[in-house]
file query34.cif (mmCIF, C-alpha atoms)
data_upload
loop_
_atom_site.group_PDB
_atom_site.id
_atom_site.type_symbol
_atom_site.label_atom_id
_atom_site.label_comp_id
_atom_site.auth_asym_id
_atom_site.auth_seq_id
_atom_site.Cartn_x
_atom_site.Cartn_y
_atom_site.Cartn_z
ATOM 1 C CA MET A 1 6.556 -16.122 -23.067
ATOM 2 C CA VAL A 2 8.875 -17.047 -20.187
ATOM 3 C CA GLU A 3 10.282 -13.489 -20.053
ATOM 4 C CA GLU A 4 6.765 -12.059 -19.791
ATOM 5 C CA ALA A 5 5.943 -14.451 -16.938
ATOM 6 C CA ASP A 6 9.187 -13.562 -15.167
ATOM 7 C CA GLU A 7 8.486 -9.839 -15.502
ATOM 8 C CA GLU A 8 4.927 -10.312 -14.244
ATOM 9 C CA THR A 9 6.247 -12.268 -11.251
ATOM 10 C CA ALA A 10 8.780 -9.513 -10.556
ATOM 11 C CA ARG A 11 6.025 -6.856 -10.731
ATOM 12 C CA CYS A 12 3.969 -8.859 -8.237
ATOM 13 C CA HIS A 13 6.940 -9.190 -5.874
ATOM 14 C CA ARG A 14 7.554 -5.434 -6.026
ATOM 15 C CA ARG A 15 3.877 -4.628 -5.487
ATOM 16 C CA PHE A 16 3.602 -6.967 -2.496
ATOM 17 C CA ALA A 17 6.897 -5.706 -1.047
ATOM 18 C CA VAL A 18 5.636 -2.116 -1.111
ATOM 19 C CA GLU A 19 2.110 -2.926 0.087
ATOM 20 C CA LEU A 20 3.348 -5.042 2.994
ATOM 21 C CA PHE A 21 5.951 -2.441 3.976
ATOM 22 C CA ASN A 22 3.264 0.250 3.980
ATOM 23 C CA ARG A 23 0.926 -1.967 6.010
ATOM 24 C CA SER A 24 3.606 -2.566 8.635
ATOM 25 C CA TRP A 25 4.311 1.189 8.741
ATOM 26 C CA ASP A 26 0.588 2.014 9.126
ATOM 27 C CA LEU A 27 0.350 -0.428 12.014
ATOM 28 C CA LEU A 28 3.494 1.059 13.607
ATOM 29 C CA GLU A 29 1.782 4.436 13.630
ATOM 30 C CA GLN A 30 -1.499 3.056 14.986
ATOM 31 C CA PRO A 31 -1.732 4.201 18.613
ATOM 32 C CA ASP A 32 -3.885 1.390 20.026
ATOM 33 C CA ARG A 33 -2.624 -1.862 18.537
ATOM 34 C CA SER A 34 -3.900 -5.207 19.682
ATOM 35 C CA ARG A 35 -1.762 -8.334 19.972
ATOM 36 C CA ASP A 36 -3.261 -9.437 16.653
ATOM 37 C CA ASP A 37 -2.220 -6.107 15.106
ATOM 38 C CA ASP A 38 1.310 -6.637 16.425
ATOM 39 C CA ALA A 39 1.410 -10.129 14.911
ATOM 40 C CA GLU A 40 0.138 -8.789 11.579
ATOM 41 C CA MET A 41 2.676 -5.945 11.686
ATOM 42 C CA LEU A 42 5.591 -8.347 12.195
ATOM 43 C CA ALA A 43 4.294 -10.710 9.501
ATOM 44 C CA ALA A 44 3.882 -7.786 7.084
ATOM 45 C CA ALA A 45 7.448 -6.576 7.735
ATOM 46 C CA PHE A 46 8.847 -10.061 7.133
ATOM 47 C CA GLY A 47 6.651 -10.504 4.066
ATOM 48 C CA SER A 48 7.840 -7.227 2.579
ATOM 49 C CA ALA A 49 11.473 -8.144 3.219
ATOM 50 C CA TRP A 50 10.975 -11.566 1.626
ATOM 51 C CA HIS A 51 9.466 -10.083 -1.525
ATOM 52 C CA TRP A 52 12.295 -7.531 -1.751
ATOM 53 C CA ARG A 53 14.794 -10.386 -1.487
ATOM 54 C CA GLN A 54 13.252 -11.855 -4.628
ATOM 55 C CA VAL A 55 13.536 -8.744 -6.833
ATOM 56 C CA GLY A 56 14.917 -5.803 -4.880
ATOM 57 C CA THR A 57 18.203 -3.999 -4.793
ATOM 58 C CA ALA A 58 20.666 -4.309 -1.917
ATOM 59 C CA GLU A 59 19.183 -1.052 -0.609
ATOM 60 C CA ASN A 60 15.621 -2.433 -0.708
ATOM 61 C CA ILE A 61 16.788 -5.512 1.178
ATOM 62 C CA ALA A 62 18.624 -3.443 3.814
ATOM 63 C CA LEU A 63 15.600 -1.203 4.345
ATOM 64 C CA GLY A 64 13.422 -4.316 4.674
ATOM 65 C CA ASP A 65 15.723 -5.551 7.442
ATOM 66 C CA HIS A 66 15.531 -2.111 9.043
ATOM 67 C CA GLN A 67 11.731 -2.306 9.051
ATOM 68 C CA ILE A 68 11.814 -5.758 10.667
ATOM 69 C CA ALA A 69 14.096 -4.346 13.383
ATOM 70 C CA LYS A 70 11.777 -1.384 13.960
ATOM 71 C CA VAL A 71 8.708 -3.609 14.224
ATOM 72 C CA ALA A 72 10.455 -6.198 16.415
ATOM 73 C CA SER A 73 11.479 -3.369 18.767
ATOM 74 C CA GLN A 74 7.839 -2.349 19.087
ATOM 75 C CA VAL A 75 6.448 -5.825 19.724
ATOM 76 C CA GLY A 76 8.836 -6.822 22.494
ATOM 77 C CA GLN A 77 11.309 -8.903 20.469
ATOM 78 C CA PRO A 78 14.621 -7.202 21.357
ATOM 79 C CA LYS A 79 16.923 -10.022 20.185
ATOM 80 C CA LEU A 80 15.210 -10.091 16.812
ATOM 81 C CA ALA A 81 15.339 -6.291 16.676
ATOM 82 C CA LEU A 82 19.082 -6.241 17.332
ATOM 83 C CA GLN A 83 19.733 -9.007 14.804
ATOM 84 C CA TYR A 84 17.941 -7.183 11.999
ATOM 85 C CA ALA A 85 19.169 -3.712 12.988
ATOM 86 C CA ARG A 86 22.745 -5.012 12.748
ATOM 87 C CA ARG A 87 22.027 -6.640 9.369
ATOM 88 C CA ALA A 88 20.579 -3.370 8.049
ATOM 89 C CA LEU A 89 23.451 -1.290 9.411
ATOM 90 C CA GLU A 90 26.079 -3.582 7.913
ATOM 91 C CA ALA A 91 24.390 -3.623 4.502
ATOM 92 C CA ILE A 92 23.901 0.148 4.500
ATOM 93 C CA GLU A 93 27.506 0.820 5.476
ATOM 94 C CA ILE A 94 28.825 -1.638 2.885
ATOM 95 C CA GLY A 95 26.480 -0.364 0.164
ATOM 96 C CA HIS A 96 27.081 3.352 0.743
ATOM 97 C CA PHE A 97 23.427 4.023 -0.123
ATOM 98 C CA GLY A 98 23.166 7.566 1.195
ATOM 99 C CA ASP A 99 23.226 9.845 4.183
ATOM 100 C CA TRP A 100 19.615 9.398 5.268
ATOM 101 C CA GLN A 101 19.943 5.604 5.118
ATOM 102 C CA VAL A 102 22.981 5.756 7.418
ATOM 103 C CA ALA A 103 21.103 7.992 9.851
ATOM 104 C CA ALA A 104 18.114 5.631 9.695
ATOM 105 C CA ALA A 105 20.351 2.624 10.393
ATOM 106 C CA TYR A 106 21.782 4.383 13.458
ATOM 107 C CA GLU A 107 18.244 5.210 14.613
ATOM 108 C CA GLY A 108 17.351 1.538 14.164
ATOM 109 C CA MET A 109 20.290 0.487 16.309
ATOM 110 C CA ALA A 110 19.263 3.013 18.998
ATOM 111 C CA ARG A 111 15.711 1.671 18.908
ATOM 112 C CA ALA A 112 16.825 -1.963 19.143
ATOM 113 C CA CYS A 113 19.187 -1.165 22.020
ATOM 114 C CA ALA A 114 16.379 0.671 23.833
ATOM 115 C CA ALA A 115 14.082 -2.331 23.339
ATOM 116 C CA SER A 116 16.710 -4.617 24.851
ATOM 117 C CA GLY A 117 17.290 -2.318 27.826
ATOM 118 C CA ASP A 118 20.806 -1.332 26.726
ATOM 119 C CA ILE A 119 20.783 2.336 27.754
ATOM 120 C CA ALA A 120 24.477 2.924 26.956
ATOM 121 C CA GLY A 121 24.000 1.375 23.501
ATOM 122 C CA ARG A 122 20.887 3.446 22.896
ATOM 123 C CA ASP A 123 22.691 6.646 23.878
ATOM 124 C CA TYR A 124 25.694 5.779 21.681
ATOM 125 C CA TRP A 125 23.522 5.230 18.602
ATOM 126 C CA VAL A 126 21.372 8.295 19.335
ATOM 127 C CA GLN A 127 24.571 10.364 19.322
ATOM 128 C CA ARG A 128 25.773 8.769 16.068
ATOM 129 C CA CYS A 129 22.359 9.324 14.482
ATOM 130 C CA THR A 130 22.241 12.953 15.585
ATOM 131 C CA ILE A 131 25.644 13.577 14.009
ATOM 132 C CA ALA A 132 24.678 11.676 10.842
ATOM 133 C CA LEU A 133 21.501 13.739 10.483
ATOM 134 C CA GLY A 134 23.717 16.804 10.005
ATOM 135 C CA ALA A 135 24.956 15.270 6.740
ATOM 136 C CA VAL A 136 21.466 14.584 5.327
ATOM 137 C CA PRO A 137 20.912 17.274 2.672
ATOM 138 C CA ASP A 138 17.181 16.742 2.097
ATOM 139 C CA ALA A 139 15.047 18.345 4.823
ATOM 140 C CA GLY A 140 12.220 15.848 4.318
ATOM 141 C CA ASP A 141 14.480 12.823 4.706
ATOM 142 C CA ARG A 142 16.178 14.441 7.697
ATOM 143 C CA SER A 143 12.854 15.178 9.383
ATOM 144 C CA VAL A 144 11.531 11.609 8.988
ATOM 145 C CA VAL A 145 14.582 10.116 10.687
ATOM 146 C CA ALA A 146 14.726 12.871 13.330
ATOM 147 C CA GLU A 147 11.078 12.274 14.225
ATOM 148 C CA GLN A 148 11.733 8.560 14.603
ATOM 149 C CA LEU A 149 14.720 9.333 16.814
ATOM 150 C CA LEU A 150 12.609 11.613 19.010
ATOM 151 C CA ASN A 151 10.021 8.865 19.403
ATOM 152 C CA LEU A 152 12.294 6.126 20.698
ATOM 153 C CA PRO A 153 10.424 4.038 23.232
ATOM 154 C CA ASP A 154 11.549 3.954 26.826
ATOM 155 C CA PRO A 155 13.666 0.909 27.631
ATOM 156 C CA PRO A 156 11.792 -1.846 29.453
ATOM 157 C CA SER A 157 12.017 -1.654 33.204
ATOM 158 C CA GLN A 158 14.232 -4.197 34.938
ATOM 159 C CA GLU A 159 11.124 -5.603 36.660
ATOM 160 C CA GLU A 160 9.530 -6.803 33.389
#

call {"tool": "encode", "arguments": {"input": "query34.cif", "output": "structure tokens"}}
result
Amino acid sequence: MVEEADEETARCHRRFAVELFNRSWDLLEQPDRSRDDDAEMLAAAFGSAWHWRQVGTAENIALGDHQIAKVASQVGQPKLALQYARRALEAIEIGHFGDWQVAAAYEGMARACAASGDIAGRDYWVQRCTIALGAVPDAGDRSVVAEQLLNLPDPPSQEE
């Protein structure tokens, strides 16, 4: 009976992790987000990451951190973005998950640097990501990361 309850709990964690990740991604792609949408997007990214920490693999956890970094970059939280982009990059490099994950981690670092106004850092990680994309064998995976790289936001102006 306990095993069944544990498996049911694990299924729920996985379902919520995926649903919340997808919700944060949908909101990222929404062109006209409100402040409430931004708050929901950040909460969904953190919620997904939390659920993955309960039942996910090291790769799931790293990609959850990557999503938090991506969302934080979009909602004007550059310190948070850098913190989670670094966590994702470290976990992905340690875990040797795959070529597209490495490219995605570099894109995340470029995005977080752009959000914080670090142009040199952004350019460094864009270059690393571009090189890493050459090692991604699957065209679909390569195109997702390349599109994200092409859509890096402009760094905030110094007047903000």

call {"tool": "closest_residue", "arguments": {"input": "query34.cif", "among": "A:Arg23, A:Gly76, A:Trp50, A:Cys129", "to": "Leu89 (chain A)", "atoms": "all atoms listed in the file"}}
result
A:Cys129

call {"tool": "residues_around", "arguments": {"input": "query34.cif", "residues": "Leu152 (chain A)", "least_positions_apart": "2", "cutoff": "12 Å", "atoms": "only C-alpha atoms", "output": "PyMOL selection string"}}
result
chain A and resi 70+73-74+107-115+119+122-123+125-126+145-150+154-156

call {"tool": "resolve_selection", "arguments": {"input": "query34.cif", "expression": "the PyMOL selection byres ((chain A and resi 72) around 12)", "output": "ChimeraX atom specification"}}
result
/A:24,28,38-46,65-71,73-85,108-109,111-116

call {"tool": "residues_near_point", "arguments": {"input": "query34.cif", "point": "(3.7, -2.0, 1.1)", "cutoff": "12 Å", "atoms": "all atoms listed in the file", "output": "PyMOL selection string"}}
result
chain A and resi 12-27+41+44-49+51-52+64+67

call {"tool": "atom_distance", "arguments": {"input": "query34.cif", "atom1": "CA of Ile61 (chain A)", "atom2": "CA of Arg86 (chain A)"}}
result
13.0 Å

call {"tool": "residues_around", "arguments": {"input": "query34.cif", "residues": "region 137-139 of chain A", "least_positions_apart": "5", "cutoff": "10 Å", "atoms": "all atoms listed in the file", "output": "PyMOL selection string"}}
result
chain A and resi 99-100+144

call {"tool": "closest_residue", "arguments": {"input": "query34.cif", "among": "A:Ala62, A:Gly95, A:Arg35, A:Gln101", "to": "Val136 (chain A)", "atoms": "all atoms listed in the file"}}
result
A:Gln101

call {"tool": "closest_residue", "arguments": {"input": "query34.cif", "among": "A:Gln30, A:Ala10, A:Arg87, A:Phe97", "to": "Val55 (chain A)", "atoms": "only C-alpha atoms"}}
result
A:Ala10

call {"tool": "atom_distance", "arguments": {"input": "query34.cif", "atom1": "CA of Ala132 (chain A)", "atom2": "CA of Tyr106 (chain A)"}}
result
8.3 Å

call {"tool": "atom_distance", "arguments": {"input": "query34.cif", "atom1": "CA of Gln54 (chain A)", "atom2": "CA of Arg142 (chain A)"}}
result
29.2 Å

call {"tool": "axis_aligned_box", "arguments": {"input": "query34.cif", "around": "region 38-47 of chain A", "padding_each_side": "6 Å", "output": "AutoDock Vina command-line options"}}
result
--center_x 4.5 --center_y -8.3 --center_z 10.2 --size_x 20.7 --size_y 16.8 --size_z 24.4

call {"tool": "decode", "arguments": {"input": "query34.cif", "residues": "region 86-127 of chain A", "atoms": "C-alpha atoms", "output": "PDB file, in the first residue's frame"}}
result
ATOM      1  CA  ARG A  86      25.257  29.121 -13.502  1.00  0.00           C
ATOM      2  CA  ARG A  87      23.595  26.292 -11.546  1.00  0.00           C
ATOM      3  CA  ALA A  88      22.226  24.801 -14.777  1.00  0.00           C
ATOM      4  CA  LEU A  89      25.540  25.146 -16.601  1.00  0.00           C
ATOM      5  CA  GLU A  90      27.485  23.509 -13.784  1.00  0.00           C
ATOM      6  CA  ALA A  91      25.044  20.601 -13.516  1.00  0.00           C
ATOM      7  CA  ILE A  92      24.966  20.087 -17.283  1.00  0.00           C
ATOM      8  CA  GLU A  93      28.749  20.132 -17.572  1.00  0.00           C
ATOM      9  CA  ILE A  94      29.155  17.755 -14.626  1.00  0.00           C
ATOM     10  CA  GLY A  95      26.379  15.438 -15.833  1.00  0.00           C
ATOM     11  CA  HIS A  96      27.486  15.256 -19.472  1.00  0.00           C
ATOM     12  CA  PHE A  97      23.821  15.107 -20.522  1.00  0.00           C
ATOM     13  CA  GLY A  98      24.250  15.850 -24.213  1.00  0.00           C
ATOM     14  CA  ASP A  99      25.253  18.339 -26.846  1.00  0.00           C
ATOM     15  CA  TRP A 100      21.974  20.241 -27.057  1.00  0.00           C
ATOM     16  CA  GLN A 101      21.858  20.648 -23.270  1.00  0.00           C
ATOM     17  CA  VAL A 102      25.352  22.175 -23.308  1.00  0.00           C
ATOM     18  CA  ALA A 103      24.346  24.558 -26.093  1.00  0.00           C
ATOM     19  CA  ALA A 104      21.174  25.445 -24.172  1.00  0.00           C
ATOM     20  CA  ALA A 105      23.186  26.123 -21.006  1.00  0.00           C
ATOM     21  CA  TYR A 106      25.477  28.473 -22.947  1.00  0.00           C
ATOM     22  CA  GLU A 107      22.417  30.217 -24.408  1.00  0.00           C
ATOM     23  CA  GLY A 108      21.065  30.582 -20.870  1.00  0.00           C
ATOM     24  CA  MET A 109      24.300  32.179 -19.721  1.00  0.00           C
ATOM     25  CA  ALA A 110      24.207  34.576 -22.706  1.00  0.00           C
ATOM     26  CA  ARG A 111      20.614  35.481 -21.872  1.00  0.00           C
ATOM     27  CA  ALA A 112      21.366  36.061 -18.184  1.00  0.00           C
ATOM     28  CA  CYS A 113      24.411  38.185 -19.029  1.00  0.00           C
ATOM     29  CA  ALA A 114      22.317  40.239 -21.467  1.00  0.00           C
ATOM     30  CA  ALA A 115      19.668  40.755 -18.775  1.00  0.00           C
ATOM     31  CA  SER A 116      22.325  42.014 -16.372  1.00  0.00           C
ATOM     32  CA  GLY A 117      23.828  44.373 -18.950  1.00  0.00           C
ATOM     33  CA  ASP A 118      27.068  42.389 -19.278  1.00  0.00           C
ATOM     34  CA  ILE A 119      27.672  42.782 -23.018  1.00  0.00           C
ATOM     35  CA  ALA A 120      31.114  41.114 -22.972  1.00  0.00           C
ATOM     36  CA  GLY A 121      29.675  38.148 -21.050  1.00  0.00           C
ATOM     37  CA  ARG A 122      26.741  37.903 -23.433  1.00  0.00           C
ATOM     38  CA  ASP A 123      29.051  37.931 -26.455  1.00  0.00           C
ATOM     39  CA  TYR A 124      31.343  35.306 -24.887  1.00  0.00           C
ATOM     40  CA  TRP A 125      28.460  32.906 -24.234  1.00  0.00           C
ATOM     41  CA  VAL A 126      26.877  33.575 -27.640  1.00  0.00           C
ATOM     42  CA  GLN A 127      30.181  32.528 -29.221  1.00  0.00           C
TER      43      GLN A 127
END
